[in-house]
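K.L.:
Below: one structure in structure tokens.
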Amino acid sequence: MHELKVESSFSAAHHLLNYNGECENQHGHNWKVEAYIRGTELDKSNLLIDFKVLKKELNAILDMLDHKDINELPQFKNISPSSEMLSKFIYEELKKKIPCTYKISVWETERACASYFEE
């Protein structure tokens, strides 16, 4: 089994719904995103996938979020855009383009992240 990881980032504002605390107020983060893919089949160049392709597809998704108020995006209508939901959204979008996507981790601070993967 091979596993690859790339990192990228985006900056955006959000506020949590149904939350009692400071995070119910609009605030922003500089999120770091880690995308993991796994597989056993390598191509003729012995690559699982070209890092350039993986980065391009991930960044296309993050561009939808970058410098936005995430609560105003149609994909998050009436959904609290927590790091958990952001990791699931990015996972589902990347999986459409790269089926061997394994896991997405979204870091909202240097010490706190949420990950989404399917077993």
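In the structure tokens, chains take the letters A, B, ... in the order shown, each chain's residues start at 1, and ligands count up from 1 in the order shown.
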Need the shell around A:Ala60: protein/DNA/RNA residues with any atom at most 12 Å away, counting only C-alpha atoms. Skip same-chain ones fewer than 5 positions apart. Format as a list in words?
P.N.:
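Here the answer would be Ser8, Ser9, Phe10, Val53, Leu54, Lys55, Leu65, Asp66, Ile90, Glu93, Leu94 and Lys97 of chain A.
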K.L.:
Which residues of stretch 5-60 of chain A come within 9 Å of stretch 103-114 of chain A, and what is each one's closest atom pair and distance in Å (one decimal), counting only C-alpha atoms, sorted by chain and residue number, as CSV?
P.N.:
residue,atom,partner,partner_atom,distance
A:Ser9,CA,A:Val106,CA,8.9
A:His29,CA,A:Glu108,CA,6.0
A:Asn30,CA,A:Glu108,CA,6.6
A:Trp31,CA,A:Glu108,CA,4.8
A:Lys32,CA,A:Trp107,CA,5.0
A:Val33,CA,A:Val106,CA,4.7
A:Glu34,CA,A:Ser105,CA,5.0
A:Ala35,CA,A:Ile104,CA,4.8
A:Tyr36,CA,A:Lys103,CA,5.1
A:Ile37,CA,A:Lys103,CA,6.8
A:Arg38,CA,A:Lys103,CA,8.9
K.L.:
If you run DSSP on the backbone, which residues of chain A are helix (DSSP H, G or I), as a ChimeraX atom specification?
P.N.:
/A:22-24,51-65,70-72,74-76,83-97
K.L.:
Emit the selected residues as a PDB file, in the first residue's frame, including C-alpha atoms.
P.N.:
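Contents of part09.pdb, as written:
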ATOM      1  CA  GLU A  22     -17.382  32.818  21.071  1.00  0.00           C
ATOM      2  CA  CYS A  23     -17.357  30.741  17.882  1.00  0.00           C
ATOM      3  CA  GLU A  24     -21.012  31.597  17.247  1.00  0.00           C
ATOM      4  CA  PHE A  51       1.816  15.364  -6.952  1.00  0.00           C
ATOM      5  CA  LYS A  52       1.079  18.207  -9.408  1.00  0.00           C
ATOM      6  CA  VAL A  53      -2.295  16.664 -10.267  1.00  0.00           C
ATOM      7  CA  LEU A  54      -3.184  16.089  -6.626  1.00  0.00           C
ATOM      8  CA  LYS A  55      -2.234  19.657  -5.671  1.00  0.00           C
ATOM      9  CA  LYS A  56      -4.147  21.104  -8.632  1.00  0.00           C
ATOM     10  CA  GLU A  57      -7.355  19.243  -7.779  1.00  0.00           C
ATOM     11  CA  LEU A  58      -7.109  20.076  -4.082  1.00  0.00           C
ATOM     12  CA  ASN A  59      -6.443  23.749  -4.757  1.00  0.00           C
ATOM     13  CA  ALA A  60      -9.414  23.942  -7.143  1.00  0.00           C
ATOM     14  CA  ILE A  61     -11.649  22.894  -4.231  1.00  0.00           C
ATOM     15  CA  LEU A  62      -9.981  25.235  -1.761  1.00  0.00           C
ATOM     16  CA  ASP A  63     -10.410  28.115  -4.209  1.00  0.00           C
ATOM     17  CA  MET A  64     -14.185  27.735  -3.697  1.00  0.00           C
ATOM     18  CA  LEU A  65     -13.646  28.456   0.019  1.00  0.00           C
ATOM     19  CA  ILE A  70     -18.335  29.941   4.324  1.00  0.00           C
ATOM     20  CA  ASN A  71     -21.791  30.269   5.893  1.00  0.00           C
ATOM     21  CA  GLU A  72     -22.954  32.090   2.752  1.00  0.00           C
ATOM     22  CA  PRO A  74     -24.705  27.187  -1.065  1.00  0.00           C
ATOM     23  CA  GLN A  75     -22.864  24.014  -0.031  1.00  0.00           C
ATOM     24  CA  PHE A  76     -23.153  25.073   3.634  1.00  0.00           C
ATOM     25  CA  SER A  83     -13.771  21.927  10.691  1.00  0.00           C
ATOM     26  CA  GLU A  84     -15.425  18.503  10.756  1.00  0.00           C
ATOM     27  CA  MET A  85     -17.867  19.525   8.017  1.00  0.00           C
ATOM     28  CA  LEU A  86     -15.150  21.267   6.006  1.00  0.00           C
ATOM     29  CA  SER A  87     -13.011  18.122   6.037  1.00  0.00           C
ATOM     30  CA  LYS A  88     -15.992  16.043   4.865  1.00  0.00           C
ATOM     31  CA  PHE A  89     -16.857  18.538   2.113  1.00  0.00           C
ATOM     32  CA  ILE A  90     -13.275  18.658   0.810  1.00  0.00           C
ATOM     33  CA  TYR A  91     -13.033  14.844   0.984  1.00  0.00           C
ATOM     34  CA  GLU A  92     -16.225  14.335  -1.019  1.00  0.00           C
ATOM     35  CA  GLU A  93     -15.221  16.885  -3.665  1.00  0.00           C
ATOM     36  CA  LEU A  94     -11.690  15.510  -4.045  1.00  0.00           C
ATOM     37  CA  LYS A  95     -12.942  11.904  -4.176  1.00  0.00           C
ATOM     38  CA  LYS A  96     -14.972  12.837  -7.285  1.00  0.00           C
ATOM     39  CA  LYS A  97     -11.730  13.737  -9.075  1.00  0.00           C
TER      40      LYS A  97
END
K.L.:
Ranking A:Gln26, A:Ser115, A:Asn18, A:Thr40 by minimum distance to A:Asp69 and counting only C-alpha atoms, which one comes first?
P.N.:
A:Gln26
K.L.:
Of the candidates A:Glu41, A:His67, A:Glu118, A:Val6, which one gets nearest to A:Gly28 if we count only C-alpha atoms?
P.N.:
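That would be A:His67, the residue with the smallest distance to A:Gly28.
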K.L.:
Which residues in chain A does DSSP call strand (DSSP E or B)? List them as an MDAnalysis selection string.
P.N.:
chainID A and resid 2:14 27:39 69 101:109 112:117
K.L.:
Have a look at atom CA of A:Tyr102 and atom CA of A:Lys44 and let me know their distance in Å, one decimal.
P.N.:
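Taking atom CA of A:Tyr102 and atom CA of A:Lys44, their separation equals 22.0 Å.
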K.L.:
Which one of A:Leu42, A:Leu17, A:Leu48, A:Met1 sits closest to A:Ile98 if you count only C-alpha atoms?
P.N.:
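That would be A:Leu48, the residue with the smallest distance to A:Ile98.
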K.L.:
For A:Asn46, which residue among A:Lys68, A:His2, A:Pro81, A:Pro99 is the nearest when counting only C-alpha atoms?
P.N.:
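Closest candidate: A:His2.
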K.L.:
In Å, how far is it from atom CA of A:Glu3 to atom CA of A:Thr101?
P.N.:
9.7 Å
K.L.:
Could you jot down the atom CA of A:Glu7 to atom CA of A:Tyr19 separation for me, Å, one decimal place?
P.N.:
29.1 Å
